[in-house]
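Printed here is query_28.pdb (PDB, C-alpha atoms):
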```pdb
ATOM      1  CA  MET A 337       4.690   6.242  21.954
ATOM      2  CA  LYS A 338       2.300   4.483  19.600
ATOM      3  CA  THR A 339       3.171   1.290  17.750
ATOM      4  CA  ILE A 340       2.702   0.979  14.002
ATOM      5  CA  VAL A 341       2.974  -2.419  12.350
ATOM      6  CA  VAL A 342       4.151  -2.059   8.754
ATOM      7  CA  ILE A 343       4.027  -5.125   6.555
ATOM      8  CA  GLY A 344       6.432  -4.763   3.647
ATOM      9  CA  GLY A 345       8.400  -1.856   5.086
ATOM     10  CA  SER A 346      11.857  -2.706   3.739
ATOM     11  CA  LYS A 347      11.376  -1.376   0.195
ATOM     12  CA  GLY A 348       9.529   1.209  -1.849
ATOM     13  CA  ILE A 349       6.502   2.939  -0.376
ATOM     14  CA  GLY A 350       6.665   0.791   2.758
ATOM     15  CA  LYS A 351      10.237   1.886   3.424
ATOM     16  CA  ALA A 352       9.269   5.541   2.981
ATOM     17  CA  ILE A 353       6.420   5.082   5.465
ATOM     18  CA  VAL A 354       8.755   3.509   8.018
ATOM     19  CA  GLU A 355      11.220   6.385   7.628
ATOM     20  CA  THR A 356       8.463   8.973   8.029
ATOM     21  CA  PHE A 357       7.328   7.586  11.382
ATOM     22  CA  LEU A 358      10.619   6.434  12.910
ATOM     23  CA  ASP A 359      11.362   9.443  15.087
ATOM     24  CA  THR A 360       7.878   9.646  16.597
ATOM     25  CA  HIS A 361       6.542   6.073  16.729
ATOM     26  CA  LYS A 362       7.627   2.557  17.523
ATOM     27  CA  ILE A 363       7.724   0.694  14.210
ATOM     28  CA  ILE A 364       7.506  -3.062  13.787
ATOM     29  CA  ASN A 365       8.417  -3.989  10.234
ATOM     30  CA  ILE A 366       7.338  -7.396   8.962
ATOM     31  CA  SER A 367       8.884  -8.446   5.664
ATOM     32  CA  ARG A 368      11.061 -11.060   4.026
ATOM     33  CA  SER A 369      14.106  -8.769   3.888
ATOM     34  CA  SER A 370      15.467  -6.535   6.620
ATOM     35  CA  PRO A 371      15.343  -2.748   6.265
ATOM     36  CA  GLU A 372      18.643  -1.073   5.416
ATOM     37  CA  GLU A 373      18.376   1.409   8.269
ATOM     38  CA  THR A 374      18.666   0.777  11.979
ATOM     39  CA  HIS A 375      16.949   2.875  14.608
ATOM     40  CA  PRO A 376      16.081   2.461  18.300
ATOM     41  CA  ASN A 377      12.371   2.656  17.410
ATOM     42  CA  LEU A 378      12.568   0.038  14.634
ATOM     43  CA  THR A 379      12.062  -3.693  15.134
ATOM     44  CA  HIS A 380      12.257  -6.083  12.209
ATOM     45  CA  MET A 381      10.497  -9.451  12.109
ATOM     46  CA  GLY A 382      11.270 -11.729   9.187
ATOM     47  CA  CYS A 383       8.175 -13.226   7.573
ATOM     48  CA  ASP A 384       6.800 -14.192   4.171
ATOM     49  CA  ILE A 385       3.225 -12.955   4.332
ATOM     50  CA  LEU A 386       1.973 -15.646   1.937
ATOM     51  CA  LYS A 387       3.741 -18.640   3.488
ATOM     52  CA  ASP A 388       4.420 -17.935   7.145
ATOM     53  CA  GLU A 389       2.324 -17.282  10.200
ATOM     54  CA  LEU A 390       2.433 -13.642  11.184
ATOM     55  CA  PRO A 391       4.166 -12.980  14.520
ATOM     56  CA  ASP A 392       2.143 -12.324  17.641
ATOM     57  CA  ILE A 393       2.161  -8.641  18.616
ATOM     58  CA  THR A 394       0.229  -7.483  21.655
ATOM     59  CA  ILE A 395       0.218  -3.724  21.044
ATOM     60  CA  VAL A 396      -0.877  -2.426  17.631
ATOM     61  CA  ASP A 397      -2.092   1.150  17.264
ATOM     62  CA  ALA A 398      -2.008   1.154  13.467
ATOM     63  CA  LEU A 399      -1.524  -1.414  10.711
ATOM     64  CA  VAL A 400      -0.139  -0.663   7.247
ATOM     65  CA  TYR A 401      -0.145  -3.359   4.550
ATOM     66  CA  CYS A 402       2.191  -2.461   1.678
ATOM     67  CA  PRO A 403       2.971  -5.591  -0.409
ATOM     68  CA  GLY A 404       1.770  -5.435  -3.995
ATOM     69  CA  SER A 405       2.536  -6.427  -7.557
ATOM     70  CA  ILE A 406       2.693  -4.927 -11.030
ATOM     71  CA  ASN A 407       1.936  -7.790 -13.382
ATOM     72  CA  LEU A 408       1.202  -6.162 -16.748
ATOM     73  CA  LYS A 409       0.329  -8.533 -19.597
ATOM     74  CA  PRO A 410      -2.264  -8.767 -22.367
ATOM     75  CA  PHE A 411      -5.329 -10.579 -21.049
ATOM     76  CA  ALA A 412      -4.726 -13.529 -23.402
ATOM     77  CA  ARG A 413      -1.304 -14.063 -21.818
ATOM     78  CA  LEU A 414      -2.508 -13.880 -18.221
ATOM     79  CA  SER A 415      -2.852 -17.329 -16.720
ATOM     80  CA  LEU A 416      -5.223 -18.252 -13.944
ATOM     81  CA  GLU A 417      -2.121 -18.587 -11.786
ATOM     82  CA  ASP A 418      -1.242 -14.948 -12.538
ATOM     83  CA  PHE A 419      -4.655 -13.907 -11.264
ATOM     84  CA  ARG A 420      -4.309 -16.113  -8.205
ATOM     85  CA  GLU A 421      -0.843 -14.773  -7.347
ATOM     86  CA  ASP A 422      -1.929 -11.139  -7.665
ATOM     87  CA  PHE A 423      -5.043 -11.875  -5.622
ATOM     88  CA  GLU A 424      -2.981 -13.571  -2.908
ATOM     89  CA  ILE A 425      -0.359 -10.849  -2.454
ATOM     90  CA  ASN A 426      -2.661  -7.850  -2.810
ATOM     91  CA  LEU A 427      -5.890  -8.966  -1.150
ATOM     92  CA  ILE A 428      -5.515 -12.229   0.758
ATOM     93  CA  GLY A 429      -2.309 -11.009   2.406
ATOM     94  CA  ALA A 430      -4.127  -7.888   3.567
ATOM     95  CA  VAL A 431      -7.027  -9.955   4.897
ATOM     96  CA  LYS A 432      -4.585 -12.218   6.741
ATOM     97  CA  ALA A 433      -2.865  -9.215   8.343
ATOM     98  CA  VAL A 434      -6.084  -7.505   9.419
ATOM     99  CA  GLN A 435      -7.484 -10.716  10.903
ATOM    100  CA  LYS A 436      -4.227 -11.389  12.775
ATOM    101  CA  TYR A 437      -4.012  -7.966  14.406
ATOM    102  CA  LEU A 438      -7.681  -7.106  14.786
ATOM    103  CA  ASP A 439      -7.845  -7.873  18.516
ATOM    104  CA  PRO A 440      -4.883  -5.686  19.546
ATOM    105  CA  LEU A 441      -6.173  -2.929  17.248
ATOM    106  CA  LYS A 442      -9.535  -3.008  19.026
ATOM    107  CA  LYS A 443      -7.758  -2.377  22.331
ATOM    108  CA  ALA A 444      -5.831   0.646  21.026
ATOM    109  CA  GLU A 445      -6.809   4.277  21.352
ATOM    110  CA  SER A 446      -7.936   5.659  17.961
ATOM    111  CA  PRO A 447      -6.649   2.679  15.928
ATOM    112  CA  SER A 448      -6.446   2.693  12.142
ATOM    113  CA  ILE A 449      -5.586   0.497   9.172
ATOM    114  CA  LEU A 450      -4.111   1.555   5.834
ATOM    115  CA  LEU A 451      -4.147  -0.581   2.682
ATOM    116  CA  PHE A 452      -3.106   0.122  -0.903
ATOM    117  CA  SER A 453      -5.049   0.068  -4.152
ATOM    118  CA  THR A 454      -4.115   1.470  -7.573
ATOM    119  CA  VAL A 455      -5.447   4.042 -10.023
ATOM    120  CA  ALA A 456      -6.049   1.085 -12.372
ATOM    121  CA  SER A 457      -9.099   0.153 -10.285
ATOM    122  CA  LYS A 458     -10.804   3.363 -11.437
ATOM    123  CA  LEU A 459      -9.138   3.991 -14.797
ATOM    124  CA  GLY A 460      -9.444   1.224 -17.359
ATOM    125  CA  MET A 461      -5.981   0.597 -18.798
ATOM    126  CA  PRO A 462      -4.787  -2.160 -21.135
ATOM    127  CA  TYR A 463      -2.740  -4.997 -19.622
ATOM    128  CA  HIS A 464      -3.899  -4.251 -16.061
ATOM    129  CA  ALA A 465      -6.665  -6.878 -15.790
ATOM    130  CA  SER A 466      -5.064  -8.987 -13.061
ATOM    131  CA  ILE A 467      -3.789  -6.232 -10.790
ATOM    132  CA  ALA A 468      -6.913  -4.111 -11.275
ATOM    133  CA  ALA A 469      -9.114  -7.056 -10.316
ATOM    134  CA  ALA A 470      -7.061  -7.751  -7.174
ATOM    135  CA  LYS A 471      -6.882  -4.125  -6.074
ATOM    136  CA  SER A 472     -10.593  -3.625  -6.707
ATOM    137  CA  GLY A 473     -11.056  -6.351  -4.122
ATOM    138  CA  VAL A 474      -8.941  -4.291  -1.715
ATOM    139  CA  GLU A 475     -11.219  -1.294  -2.286
ATOM    140  CA  GLY A 476     -14.298  -3.397  -1.557
ATOM    141  CA  LEU A 477     -12.644  -4.705   1.605
ATOM    142  CA  VAL A 478     -11.903  -1.160   2.788
ATOM    143  CA  LYS A 479     -15.500  -0.042   2.355
ATOM    144  CA  SER A 480     -17.008  -3.130   3.965
ATOM    145  CA  LEU A 481     -14.616  -3.169   6.907
ATOM    146  CA  GLY A 482     -14.966   0.579   7.340
ATOM    147  CA  ALA A 483     -18.644   0.000   8.062
ATOM    148  CA  GLU A 484     -18.160  -3.158  10.117
ATOM    149  CA  LEU A 485     -15.387  -1.824  12.339
ATOM    150  CA  ALA A 486     -16.925   1.603  12.968
ATOM    151  CA  PRO A 487     -16.712   3.383  15.307
ATOM    152  CA  THR A 488     -13.721   1.572  16.821
ATOM    153  CA  ILE A 489     -11.224   1.175  13.953
ATOM    154  CA  ARG A 490     -10.757   3.379  10.914
ATOM    155  CA  ILE A 491      -9.607   1.844   7.617
ATOM    156  CA  ASN A 492      -8.630   3.612   4.399
ATOM    157  CA  ALA A 493      -6.596   2.973   1.274
ATOM    158  CA  ILE A 494      -4.281   4.974  -0.935
ATOM    159  CA  ALA A 495      -4.506   4.353  -4.691
ATOM    160  CA  PRO A 496      -1.248   5.638  -6.192
ATOM    161  CA  THR A 497      -0.375   6.133  -9.825
ATOM    162  CA  VAL A 498       3.092   5.118 -11.026
ATOM    163  CA  THR A 499       5.542   5.590  -8.150
ATOM    164  CA  ASP A 500       9.320   5.688  -8.409
ATOM    165  CA  THR A 501      10.086   2.409  -6.653
ATOM    166  CA  GLN A 502      11.870  -0.834  -7.471
ATOM    167  CA  LEU A 503       8.474  -2.412  -8.159
ATOM    168  CA  ALA A 504       7.840   0.081 -10.987
ATOM    169  CA  SER A 505      11.398   0.077 -12.315
ATOM    170  CA  LYS A 506      10.418  -1.645 -15.574
ATOM    171  CA  LEU A 507       8.057   1.234 -16.333
ATOM    172  CA  LEU A 508      10.759   3.836 -15.640
ATOM    173  CA  ARG A 509      13.845   2.164 -17.047
ATOM    174  CA  ASN A 510      14.958   4.917 -19.438
ATOM    175  CA  GLU A 511      14.463   8.623 -20.064
ATOM    176  CA  LYS A 512      12.002   8.093 -22.906
ATOM    177  CA  MET A 513       9.745   5.939 -20.741
ATOM    178  CA  ILE A 514       9.983   8.449 -17.889
ATOM    179  CA  ASP A 515       8.995  11.283 -20.238
ATOM    180  CA  ASN A 516       6.083   9.223 -21.600
ATOM    181  CA  ILE A 517       4.816   8.489 -18.090
ATOM    182  CA  LYS A 518       4.978  12.169 -17.178
ATOM    183  CA  GLU A 519       3.190  13.165 -20.378
ATOM    184  CA  ARG A 520       0.298  10.782 -19.665
ATOM    185  CA  HIS A 521      -0.450  12.584 -16.401
ATOM    186  CA  PRO A 522      -2.236  15.960 -16.689
ATOM    187  CA  LEU A 523      -0.012  17.415 -13.954
ATOM    188  CA  LYS A 524       3.059  16.125 -15.835
ATOM    189  CA  LYS A 525       4.555  14.254 -12.901
ATOM    190  CA  PHE A 526       4.439  10.859 -11.240
ATOM    191  CA  LEU A 527       4.805   9.940  -7.589
ATOM    192  CA  ASN A 528       7.791   9.483  -5.366
ATOM    193  CA  PRO A 529       7.496   7.284  -2.258
ATOM    194  CA  LYS A 530       7.849  10.188   0.180
ATOM    195  CA  GLU A 531       4.678  11.816  -1.166
ATOM    196  CA  VAL A 532       2.737   8.629  -0.519
ATOM    197  CA  ALA A 533       4.286   8.266   2.944
ATOM    198  CA  GLU A 534       3.162  11.773   3.852
ATOM    199  CA  MET A 535      -0.410  10.908   2.866
ATOM    200  CA  ALA A 536      -0.131   7.752   4.971
ATOM    201  CA  GLN A 537       1.093   9.845   7.886
ATOM    202  CA  PHE A 538      -1.986  12.054   7.636
ATOM    203  CA  LEU A 539      -4.459   9.182   7.323
ATOM    204  CA  LEU A 540      -3.037   7.438  10.400
ATOM    205  CA  SER A 541      -2.981  10.626  12.473
ATOM    206  CA  GLU A 542      -5.486  12.219  14.810
ATOM    207  CA  LYS A 543      -6.135  14.801  12.084
ATOM    208  CA  ALA A 544      -7.996  12.156  10.082
ATOM    209  CA  THR A 545     -10.376  10.832  12.732
ATOM    210  CA  SER A 546     -13.384  11.732  10.553
ATOM    211  CA  ILE A 547     -12.131   9.625   7.622
ATOM    212  CA  SER A 548     -12.829   5.912   7.159
ATOM    213  CA  GLY A 549     -13.784   3.622   4.305
ATOM    214  CA  GLN A 550     -12.219   5.965   1.753
ATOM    215  CA  ILE A 551      -9.940   5.417  -1.233
ATOM    216  CA  PHE A 552      -7.518   8.279  -1.833
ATOM    217  CA  GLU A 553      -6.317   8.543  -5.411
ATOM    218  CA  MET A 554      -2.855  10.048  -5.674
ATOM    219  CA  ASP A 555      -3.005  10.283  -9.425
ATOM    220  CA  TYR A 556      -1.488  13.537 -10.711
ATOM    221  CA  GLY A 557      -4.794  13.967 -12.497
ATOM    222  CA  ILE A 558      -4.730  10.825 -14.630
ATOM    223  CA  VAL A 559      -8.029   9.480 -13.261
ATOM    224  CA  THR A 560      -9.822  12.770 -12.725
ATOM    225  CA  PHE A 561      -8.859  14.969 -15.682
ATOM    226  CA  LYS A 562      -9.116  14.715 -19.448
ATOM    227  CA  ILE A 563      -7.037  17.520 -20.921
TER     228      ILE A 563
END
```

Starting from the file, give its structure as structure tokens.
Amino acid sequence: MKTIVVIGGSKGIGKAIVETFLDTHKIINISRSSPEETHPNLTHMGCDILKDELPDITIVDALVYCPGSINLKPFARLSLEDFREDFEINLIGAVKAVQKYLDPLKKAESPSILLFSTVASKLGMPYHASIAAAKSGVEGLVKSLGAELAPTIRINAIAPTVTDTQLASKLLRNEKMIDNIKERHPLKKFLNPKEVAEMAQFLLSEKATSISGQIFEMDYGIVTFKI
């Protein structure tokens, strides 16, 4: 049974990823809060990715880094500290995790890494300057590491549009806002965490051994189509 280390697996997309793999993989969740569920294949390790040292883990077949932020403000109201905080949680945390578990990943059979970007890195949207800048750094990291770690370790990222999680709750707090979000997407929907988890499951599987250094936009058409 392979071991997947999920950082930020107690909520949102990370939680959905943990649930998707629980019956078939050993999952080590690293986050500040414990997951609600218990399972024989699930181990939780408490850790604040920005403040604490990550725990030593000797067997890592796949690494998933889920923490992120949605800090939407006009550019004039974004402080340098806002940019630093978004950069730290979205990019530096991912770098810290990859560096920590790179050696055990190298020893695994068909190892892979999955990070997260956002559609805002491709689609210019008002009030997204800080998060788009941070996530664009994630995309650059994926491409550079994809080349550097080949052929041993694959690394990819998913770039979701709005997803129905606690992190996005301010964007989906009433029916009018939900309808507006749907209307902005050409396919008239937005994501739920399970959809993203299923894409993660594919990218970490043996079915995706030809794929590395790629950014997968799960966008319901908002980046690709103009209708």

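Compared by their closest atoms to Ser346 in chain A, and using all atoms listed in the file, the residues A:Ile467, A:Ala444, A:Leu507, A:Ile363 rank with A:Ile363 nearest.
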
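Between CA of Ala486 in chain A and CA of Ser548 in chain A lies a distance of 8.3 Å.
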
Point to revise | Best match for closeness to Pro447 in chain A among A:Thr560, A:Ser505, A:Ser367, A:Asn492, counting only C-alpha atoms | key: A:Asn492

Revision key, fill the gap. Of A:Asp388, A:Glu475, A:Asp439, A:Asp422, the one nearest to Thr454 in chain A when counting only C-alpha atoms is A:Glu475

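Pairwise distance (CA of Lys543 in chain A, CA of Ile349 in chain A) equals 21.3 Å.
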
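Each of A:Leu540, A:Ile366, A:Cys383, A:Ile395 was checked against Gly350 in chain A using all atoms listed in the file; the smallest atom-to-atom distance is that of A:Ile366.
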
Practice item. Report the residues retrieved by the PyMOL selection byres ((chain A and resi 487) around 12) from the displayed file, expressed as a PyMOL selection string. Key: chain A and resi 442+445-448+481-486+488-491+545-549

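CA of Lys351 in chain A lies 11.7 Å from CA of Tyr401 in chain A.
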